[in-house]
Amino acid sequence: MFLRLLSRQITALAVLATASLLTSLLKAEAAESTARPNVLLILTDDQGWGDLGSSGNSIISTPTLDRLAGESVRLNRFYVSPVCAPTRAALLTGRYPERTGVAGVTGRREVMRAAERTMAERFRDAGYATGCFGKWHNGAQMPLHPNGQGFEEFFGFCGGHFNLYDDPLLERNGVPVRTKGYITDVLTDAAIEFLKTPREQPFFCYVPYNAPHGPFQVRQDLFDKYDTGEVSEKTAAVYAMVENIDDNVDRLLNTLEQQGKTNDTIVLFLTDNGPNGKRFNGGMRGAKGSVHEGGCRVPCFIRWPGQIQPKRIEQITAHIDLLPTLAQWCGIPSDDSAALDGQSLVKLIQDGSDPALAERSILTYRPNQSQLEKFGKAAVRTNQYRLTIENAKVALFDMHADPGQETDIAEQHPETTERLKSEIEGYVDAITPSITQARHVPITKQRPTFIPSVDATLTGNPGFADNISWAHGWVDNWTSAADTISWPIDVAESGRYQITLHYVCNAKDVSVSAAIADQDISATLQRFKSESVVRPDWDSQATPRRMLFFGQQSLGMINIAAGQTTLQLKRQQDGQMIELGGVTITSADLPSKKQFHLFLLAGQSNMAGRGKVTPADRVPDPRILMLDRDGNWVPATDPLHFDKSIAGVGLGRGFARRYASEHPDVTVGLVPCAVGGSPIAAWAPGGYHPQTKTHPYDDALRRIQTAMASGTFKGILWHQGESDCKPGLAEAYKSNLTEVMERFRSHVGAKTPILIGGLAQRDTPKWTEHRKRVDQAHREVASELPACAFVESTGLALKSDNTHFDRQSLLEFGHRYAETLADIQAAK
């Protein structure tokens, strides 16, 4: 008995001890998880090794970066690719860029395959918040876009360079954003917002600045500081741009300090290739684009206070090493889906040396841009040697004895030369199939897909304007019916899509067709005239670069089958030149009638919308369609209405976005019918509005009948009354409004909710009795009719015309309509 009891007590104690140990381990694991470091990775564009005071440049002022260098592990022999996009792909994947499909900087050679597993995807999947703020340059269409490659938040641009650095039009997660300020400052603002966001999880923040890449635009006072005649105008602008970067890095580091995150954050700073011009670079041979030392060696600083000690390391390291290094420090699980070329630098950084790296070599390949299947130029870097191959000539340099690469010693070291030459040739043989594959543009339903004209194959007369076929370029001289412009595309899902042309054409009656497989659509373009302008640049010796603004027009809807095919554009007749910026392909699937929720937008100008249309308003939302002027369902963009040429942003899309977010399984169909200036009398059968020469009610009824063939009405949105705030009209307004609503319901359903918006609340103490009467009529009808509600306009701002709500207020008004509808539905 005693032994049995003792045994039970021992077992119980063991269970308790085990539980206690397990709890401690779980707590320790949780503590370790929450203690994982943040990462701030800063990359600049075309800043060379010598563009820092800490590199011995006596002209440039970079106090923050110099201080960061002193507080960091300084990888003094750190190598990247000779140009932008390959470096970025290698940095993000830990693999040589050609393995990821990246072989250049334009013509889709810059595109990294979506299947590559990026640093952002690894960090996101490990529980990190991920954000990218700046230049991407590894693919623009989903899933090649940063949001498709692991970054939950993206603010910046996807192309290889940018045209205007002041007040730039950038994008946030696929939606254009008009900004104020200098681009480097604006990007830093967004990154700081991300750093300050309260969250439980650690963050991975990638800040790839686009400066000091050209065009050379910067504040005049900074430019004047360096434009003293000691250096060229271009170099003066570059140094000014780098000083501005230095100021912004200071802002980032100060933010970490203010947030108490300095000791918890690994900060890395590097640049993407050698300098974009001849200037101080430590005596190294070559610059951007070169496979020599000066084209590939860049600064790299890594700071982690309390965890790694500042030191200078001479061992060769590279962009491919940062992913495995950060993964080890941050406890990111390894992934065997793709072999990494990079090696972890953790031991090297901790101990100052790592025998495993002593015999390594770093490969650099710059493919032949016109014929990717042919050998381009290449280099192999070891701790002692650099071998280069250019124009089939092999050269070997002893980088210890000859850092400026003045003496070729290949003949004196034939074995070393042959070994390194074979290494790079074997690599090129292995990756050539990867970089020569067809580069189809992915088309998804997730977002509209813009395809730039510079990615096209041209036949006939068309060419690239000014012979420039990279970001912001366009096709010109499209004049003949025999000309073709085509792109290979890869459609993820079969469906109904809209093709939109981005063009300039100063002529009428020009018809263009788009063909995909056996489908063909065409439209006559509206005349759109636009004069090109020369972009600003402080370098007066640079060749002027033109810019052009494009109009947009839908060519129509087309059914596309899933799979790889070709999109081809042709014009229907010879004639005046069309200049083409590109095309956008947008999903426009029609759901089942039950899942297609329709909303009538009726009334006058504030429903039609007079808000200023921004680039963001021209981007369709997933699952929101509109019935266009011709009675076709198309992706909804502002202006929704076509009552007058001044139609702008209204409240419809603000409403639809909120409704769509609350009903994820439906598609929203907007039926715009509002007519600016129309009194309530025009909304009776046979009513006529002479100003627009329309019959508002009769026209709306026809559109209602067209819409009901496809979907189910779920609401009537009404905003009107300003035209009836007059003697002889206001007195009958309530009865007339009641009749209008009942007539609408007789067609769309007797229980269909009605939302009536309030008049603008301006100068309410000065309201006339007639305006008060109309306002009261709105409120009374809303309270008396079943499933009807009034939507307050209190606090909404008007434009300078003191009549129409401004854009932001209309978006907010739309949200209020959606919230009011939700209240009606909840009350059922």
# chains A, B, ... in the order shown; residues from 1 in each chain; ligands from 1
>>> residues_around(residues="A:Asp699", least_positions_apart="4", cutoff="12 Å", atoms="only C-alpha atoms", output="ChimeraX atom specification")
/A:602,629-631,643,671-675,682-689,693-695,703-706
>>> closest_atom_pairs(of="stretch 307-388 of chain A", to="stretch 101-114 of chain A", cutoff="10 Å", atoms="only C-alpha atoms", output="CSV")
residue,atom,partner,partner_atom,distance
A:Tyr365,CA,A:Ala103,CA,8.8
A:Arg366,CA,A:Ala103,CA,7.2
A:Pro367,CA,A:Ala103,CA,6.1
A:Asn368,CA,A:Ala103,CA,8.7
A:Gln369,CA,A:Gly104,CA,7.0
A:Leu372,CA,A:Ala103,CA,8.0
>>> residues_around(residues="A:Ala236", least_positions_apart="2", cutoff="10 Å", atoms="only C-alpha atoms", output="compact mmCIF listing (two decimals) with all heavy atoms, in the first residue's frame")
# COMPACT_ATOMS: atom_id res chain seq x y z
N ILE A 59 34.91 65.25 -51.35
CA ILE A 59 33.95 66.27 -51.79
C ILE A 59 32.57 66.03 -51.21
O ILE A 59 31.91 66.97 -50.75
CB ILE A 59 33.88 66.29 -53.34
CG1 ILE A 59 35.25 66.64 -53.92
CG2 ILE A 59 32.81 67.28 -53.81
CD1 ILE A 59 35.28 66.59 -55.44
N ILE A 60 32.12 64.79 -51.22
CA ILE A 60 30.74 64.48 -50.84
C ILE A 60 30.55 64.56 -49.33
O ILE A 60 31.48 64.29 -48.55
CB ILE A 60 30.34 63.09 -51.38
CG1 ILE A 60 28.82 62.95 -51.43
CG2 ILE A 60 30.98 61.98 -50.55
CD1 ILE A 60 28.38 61.72 -52.23
N PHE A 216 18.84 63.36 -63.37
CA PHE A 216 19.53 63.99 -62.25
C PHE A 216 18.77 65.22 -61.80
O PHE A 216 19.01 66.35 -62.22
CB PHE A 216 20.98 64.27 -62.66
CG PHE A 216 21.66 62.99 -63.07
CD1 PHE A 216 21.87 62.70 -64.40
CD2 PHE A 216 22.01 62.05 -62.12
CE1 PHE A 216 22.44 61.49 -64.78
CE2 PHE A 216 22.58 60.84 -62.48
CZ PHE A 216 22.80 60.56 -63.82
N LEU A 222 20.93 72.03 -52.95
CA LEU A 222 21.89 70.93 -52.82
C LEU A 222 22.74 70.82 -54.08
O LEU A 222 23.95 70.57 -54.00
CB LEU A 222 21.14 69.62 -52.58
CG LEU A 222 20.75 69.29 -51.15
CD1 LEU A 222 20.00 67.97 -51.08
CD2 LEU A 222 21.97 69.25 -50.23
N PHE A 223 22.12 70.98 -55.25
CA PHE A 223 22.88 70.93 -56.49
C PHE A 223 23.92 72.05 -56.51
O PHE A 223 25.10 71.83 -56.85
CB PHE A 223 21.94 71.05 -57.68
CG PHE A 223 22.65 71.14 -59.01
CD1 PHE A 223 23.32 70.06 -59.54
CD2 PHE A 223 22.65 72.35 -59.72
CE1 PHE A 223 23.99 70.15 -60.76
CE2 PHE A 223 23.31 72.45 -60.93
CZ PHE A 223 23.98 71.35 -61.46
N ASP A 224 23.52 73.27 -56.15
CA ASP A 224 24.44 74.41 -56.16
C ASP A 224 25.62 74.20 -55.23
O ASP A 224 26.73 74.68 -55.50
CB ASP A 224 23.69 75.69 -55.76
CG ASP A 224 22.70 76.14 -56.82
OD1 ASP A 224 22.79 75.65 -57.96
OD2 ASP A 224 21.81 76.96 -56.48
N LYS A 225 25.41 73.47 -54.16
CA LYS A 225 26.49 73.19 -53.20
C LYS A 225 27.66 72.47 -53.87
O LYS A 225 28.83 72.71 -53.54
CB LYS A 225 25.94 72.36 -52.04
CG LYS A 225 26.99 71.91 -51.03
CD LYS A 225 26.35 71.11 -49.91
CE LYS A 225 27.41 70.59 -48.93
NZ LYS A 225 26.80 69.81 -47.82
N TYR A 226 27.34 71.58 -54.81
CA TYR A 226 28.39 70.78 -55.46
C TYR A 226 28.74 71.29 -56.85
O TYR A 226 29.78 70.90 -57.41
CB TYR A 226 27.95 69.32 -55.54
CG TYR A 226 27.85 68.65 -54.19
CD1 TYR A 226 26.62 68.48 -53.56
CD2 TYR A 226 28.99 68.21 -53.53
CE1 TYR A 226 26.52 67.88 -52.32
CE2 TYR A 226 28.90 67.60 -52.28
CZ TYR A 226 27.67 67.44 -51.68
OH TYR A 226 27.58 66.84 -50.44
N ASP A 227 27.90 72.12 -57.45
CA ASP A 227 28.13 72.61 -58.80
C ASP A 227 29.05 73.82 -58.77
O ASP A 227 28.65 74.95 -59.07
CB ASP A 227 26.81 72.95 -59.47
CG ASP A 227 26.98 73.31 -60.94
OD1 ASP A 227 27.89 72.74 -61.58
OD2 ASP A 227 26.20 74.15 -61.44
N THR A 228 30.28 73.58 -58.40
CA THR A 228 31.27 74.66 -58.24
C THR A 228 32.32 74.64 -59.33
O THR A 228 33.24 75.46 -59.31
CB THR A 228 31.96 74.53 -56.87
OG1 THR A 228 32.65 73.25 -56.83
CG2 THR A 228 30.95 74.60 -55.74
N GLY A 229 32.22 73.70 -60.26
CA GLY A 229 33.23 73.56 -61.29
C GLY A 229 34.26 72.50 -60.99
O GLY A 229 35.04 72.11 -61.87
N GLU A 230 34.28 72.03 -59.76
CA GLU A 230 35.26 71.00 -59.38
C GLU A 230 34.91 69.64 -59.98
O GLU A 230 35.79 68.84 -60.29
CB GLU A 230 35.33 70.89 -57.85
CG GLU A 230 36.44 70.00 -57.34
CD GLU A 230 36.58 70.04 -55.83
OE1 GLU A 230 35.79 70.77 -55.17
OE2 GLU A 230 37.45 69.35 -55.29
N VAL A 231 33.59 69.40 -60.15
CA VAL A 231 33.12 68.16 -60.78
C VAL A 231 32.11 68.54 -61.85
O VAL A 231 31.64 69.68 -61.91
CB VAL A 231 32.47 67.20 -59.75
CG1 VAL A 231 33.51 66.71 -58.74
CG2 VAL A 231 31.29 67.87 -59.04
N SER A 232 31.74 67.58 -62.69
CA SER A 232 30.75 67.85 -63.74
C SER A 232 29.38 68.10 -63.14
O SER A 232 29.12 67.79 -61.97
CB SER A 232 30.68 66.66 -64.70
OG SER A 232 30.12 65.53 -64.03
N GLU A 233 28.47 68.65 -63.95
CA GLU A 233 27.10 68.86 -63.50
C GLU A 233 26.46 67.54 -63.07
O GLU A 233 25.75 67.49 -62.07
CB GLU A 233 26.26 69.50 -64.61
CG GLU A 233 26.60 70.94 -64.89
CD GLU A 233 25.77 71.49 -66.05
OE1 GLU A 233 25.49 70.73 -67.00
OE2 GLU A 233 25.42 72.67 -66.00
N LYS A 234 26.68 66.50 -63.84
CA LYS A 234 26.11 65.20 -63.52
C LYS A 234 26.62 64.71 -62.17
O LYS A 234 25.82 64.28 -61.31
CB LYS A 234 26.45 64.19 -64.61
CG LYS A 234 25.98 62.77 -64.33
CD LYS A 234 26.34 61.84 -65.46
CE LYS A 234 25.95 60.40 -65.15
NZ LYS A 234 26.29 59.48 -66.26
N VAL A 238 24.60 64.02 -58.71
CA VAL A 238 24.69 62.73 -58.01
C VAL A 238 25.07 62.94 -56.54
O VAL A 238 24.44 62.38 -55.63
CB VAL A 238 25.71 61.80 -58.70
CG1 VAL A 238 26.05 60.60 -57.80
CG2 VAL A 238 25.17 61.30 -60.02
N TYR A 239 26.08 63.76 -56.30
CA TYR A 239 26.51 63.99 -54.92
C TYR A 239 25.40 64.66 -54.11
O TYR A 239 25.20 64.34 -52.92
CB TYR A 239 27.78 64.84 -54.91
CG TYR A 239 29.03 64.11 -55.34
CD1 TYR A 239 30.24 64.78 -55.50
CD2 TYR A 239 29.01 62.73 -55.58
CE1 TYR A 239 31.40 64.12 -55.89
CE2 TYR A 239 30.16 62.06 -55.97
CZ TYR A 239 31.35 62.76 -56.14
OH TYR A 239 32.49 62.09 -56.51
N ALA A 240 24.67 65.57 -54.74
CA ALA A 240 23.55 66.21 -54.05
C ALA A 240 22.47 65.19 -53.73
O ALA A 240 21.88 65.20 -52.63
CB ALA A 240 22.98 67.33 -54.91
N MET A 241 22.19 64.28 -54.66
CA MET A 241 21.17 63.24 -54.44
C MET A 241 21.61 62.29 -53.33
O MET A 241 20.79 61.86 -52.51
CB MET A 241 20.91 62.48 -55.74
CG MET A 241 20.30 63.34 -56.84
SD MET A 241 20.43 62.63 -58.50
CE MET A 241 18.98 61.58 -58.52
N VAL A 242 22.90 61.98 -53.28
CA VAL A 242 23.40 61.10 -52.22
C VAL A 242 23.33 61.80 -50.87
O VAL A 242 23.00 61.17 -49.85
CB VAL A 242 24.84 60.64 -52.53
CG1 VAL A 242 25.45 59.90 -51.34
CG2 VAL A 242 24.87 59.73 -53.77
N TRP A 538 19.55 68.19 -64.35
CA TRP A 538 20.60 69.16 -64.09
C TRP A 538 21.80 68.97 -65.01
O TRP A 538 22.62 69.88 -65.16
CB TRP A 538 21.07 69.07 -62.63
CG TRP A 538 20.15 69.70 -61.63
CD1 TRP A 538 19.50 69.08 -60.61
CD2 TRP A 538 19.78 71.08 -61.55
NE1 TRP A 538 18.74 69.97 -59.89
CE2 TRP A 538 18.90 71.22 -60.45
CE3 TRP A 538 20.10 72.20 -62.29
CZ2 TRP A 538 18.35 72.44 -60.08
CZ3 TRP A 538 19.55 73.43 -61.92
CH2 TRP A 538 18.69 73.53 -60.82
N ASP A 539 21.94 67.79 -65.60
CA ASP A 539 23.07 67.52 -66.49
C ASP A 539 22.77 68.09 -67.88
O ASP A 539 22.07 67.47 -68.68
CB ASP A 539 23.32 66.01 -66.56
CG ASP A 539 24.50 65.65 -67.46
OD1 ASP A 539 25.25 66.58 -67.85
OD2 ASP A 539 24.67 64.46 -67.77
>>> residues_around(residues="stretch 713-729 of chain A", least_positions_apart="6", cutoff="6 Å", atoms="only C-alpha atoms", output="list of chain:residue names")
A:His597, A:Leu598, A:Phe599, A:Leu600, A:Leu601, A:Ala602, A:Gly603, A:Gln604, A:Met607, A:Pro679, A:Val748, A:Thr752, A:Pro753, A:Ile754, A:Leu755, A:Ile756, A:Gly757, A:His770, A:Arg771
>>> write_last_selection(atoms="C-alpha atoms", output="mmCIF file, in the first residue's frame")
data_model
loop_
_atom_site.group_PDB
_atom_site.id
_atom_site.type_symbol
_atom_site.label_atom_id
_atom_site.label_comp_id
_atom_site.auth_asym_id
_atom_site.auth_seq_id
_atom_site.Cartn_x
_atom_site.Cartn_y
_atom_site.Cartn_z
ATOM 1 C CA HIS A 597 -25.964 42.782 -56.652
ATOM 2 C CA LEU A 598 -27.195 45.849 -58.512
ATOM 3 C CA PHE A 599 -27.542 49.425 -57.298
ATOM 4 C CA LEU A 600 -29.287 52.285 -59.048
ATOM 5 C CA LEU A 601 -27.444 55.637 -58.834
ATOM 6 C CA ALA A 602 -30.033 58.350 -59.525
ATOM 7 C CA GLY A 603 -30.527 62.067 -58.936
ATOM 8 C CA GLN A 604 -28.519 65.017 -60.126
ATOM 9 C CA MET A 607 -24.800 61.764 -57.458
ATOM 10 C CA PRO A 679 -35.348 68.736 -61.227
ATOM 11 C CA VAL A 748 -36.732 46.761 -59.114
ATOM 12 C CA THR A 752 -35.647 47.216 -52.342
ATOM 13 C CA PRO A 753 -33.881 49.509 -49.831
ATOM 14 C CA ILE A 754 -33.807 53.219 -50.643
ATOM 15 C CA LEU A 755 -31.035 55.571 -49.477
ATOM 16 C CA ILE A 756 -31.638 59.322 -49.695
ATOM 17 C CA GLY A 757 -28.651 61.604 -49.200
ATOM 18 C CA HIS A 770 -37.561 76.355 -49.785
ATOM 19 C CA ARG A 771 -34.226 74.617 -49.144
#
>>> closest_residue(among="A:Asp520, A:Glu579, A:Glu662, A:Glu531", to="A:Ile560", atoms="only C-alpha atoms")
A:Asp520
>>> atom_distance(atom1="atom CA of A:Glu153", atom2="atom CA of A:Arg172")
7.6 Å
>>> closest_residue(among="A:Pro462, A:Pro786, A:Gly274, A:Pro146", to="A:Ala827", atoms="only C-alpha atoms")
A:Pro786
>>> closest_residue(among="A:Gly352, A:Gly611, A:His663, A:Ala732", to="A:Leu798", atoms="only C-alpha atoms")
A:Gly611
>>> select_by_dssp(residues="stretch 572-646 of chain A", states="strand (DSSP E)", output="VMD selection string")
chain A and resid 578 to 587 596 to 603 624 to 627 633 to 635
>>> write_last_selection(atoms="C-alpha atoms", output="PDB file, in the first residue's frame")
ATOM      1  CA  ILE A 578      -0.918  56.539 -83.243  1.00  0.00           C
ATOM      2  CA  GLU A 579       1.516  56.685 -80.326  1.00  0.00           C
ATOM      3  CA  LEU A 580       1.019  53.799 -77.928  1.00  0.00           C
ATOM      4  CA  GLY A 581       1.872  53.692 -74.244  1.00  0.00           C
ATOM      5  CA  GLY A 582       0.533  50.187 -73.661  1.00  0.00           C
ATOM      6  CA  VAL A 583      -2.612  48.194 -72.948  1.00  0.00           C
ATOM      7  CA  THR A 584      -4.482  47.184 -69.812  1.00  0.00           C
ATOM      8  CA  ILE A 585      -6.327  43.874 -69.517  1.00  0.00           C
ATOM      9  CA  THR A 586      -8.976  43.765 -66.786  1.00  0.00           C
ATOM     10  CA  SER A 587     -11.179  40.909 -65.625  1.00  0.00           C
ATOM     11  CA  PHE A 596     -24.686  40.065 -58.996  1.00  0.00           C
ATOM     12  CA  HIS A 597     -25.964  42.782 -56.652  1.00  0.00           C
ATOM     13  CA  LEU A 598     -27.195  45.849 -58.512  1.00  0.00           C
ATOM     14  CA  PHE A 599     -27.542  49.425 -57.298  1.00  0.00           C
ATOM     15  CA  LEU A 600     -29.287  52.285 -59.048  1.00  0.00           C
ATOM     16  CA  LEU A 601     -27.444  55.637 -58.834  1.00  0.00           C
ATOM     17  CA  ALA A 602     -30.033  58.350 -59.525  1.00  0.00           C
ATOM     18  CA  GLY A 603     -30.527  62.067 -58.936  1.00  0.00           C
ATOM     19  CA  ILE A 624     -17.207  46.126 -59.191  1.00  0.00           C
ATOM     20  CA  LEU A 625     -18.780  46.568 -62.628  1.00  0.00           C
ATOM     21  CA  MET A 626     -20.757  49.414 -64.160  1.00  0.00           C
ATOM     22  CA  LEU A 627     -23.353  49.602 -66.912  1.00  0.00           C
ATOM     23  CA  TRP A 633     -21.153  45.655 -68.166  1.00  0.00           C
ATOM     24  CA  VAL A 634     -17.568  46.903 -67.877  1.00  0.00           C
ATOM     25  CA  PRO A 635     -15.057  47.318 -65.015  1.00  0.00           C
TER      26      PRO A 635
END
>>> atom_distance(atom1="atom CA of A:Gln315", atom2="atom CA of A:Gly48")
19.5 Å
>>> closest_residue(among="A:Gly495, A:Arg658, A:Leu75, A:Met577", to="A:Leu821", atoms="only C-alpha atoms")
A:Arg658
>>> closest_residue(among="A:Arg386, A:Lys261, A:His145, A:Arg702", to="A:Arg285", atoms="only C-alpha atoms")
A:Arg386
>>> residues_around(residues="A:Asn147", least_positions_apart="5", cutoff="9 Å", atoms="only C-alpha atoms", output="list in words")
Met142, Glu152, Glu153, Phe154, Asn173 and Gly174 of chain A
>>> write_last_selection(atoms="N, CA and C atoms", output="tab-separated table (two decimals), in the first residue's frame")
chain	number	residue	atom	x	y	z
A	142	MET	N	0.99	41.20	-61.43
A	142	MET	CA	0.78	40.11	-60.47
A	142	MET	C	0.91	38.78	-61.22
A	152	GLU	N	3.69	42.52	-48.00
A	152	GLU	CA	2.29	42.84	-47.67
A	152	GLU	C	1.98	44.29	-47.98
A	153	GLU	N	2.99	45.14	-47.88
A	153	GLU	CA	2.82	46.57	-48.15
A	153	GLU	C	3.86	46.99	-49.17
A	154	PHE	N	3.40	47.65	-50.25
A	154	PHE	CA	4.33	48.18	-51.24
A	154	PHE	C	3.95	49.60	-51.58
A	173	ASN	N	0.32	49.44	-53.32
A	173	ASN	CA	-0.36	48.14	-53.51
A	173	ASN	C	-1.20	48.11	-54.77
A	174	GLY	N	-0.63	48.62	-55.86
A	174	GLY	CA	-1.29	48.54	-57.15
A	174	GLY	C	-2.16	49.72	-57.51
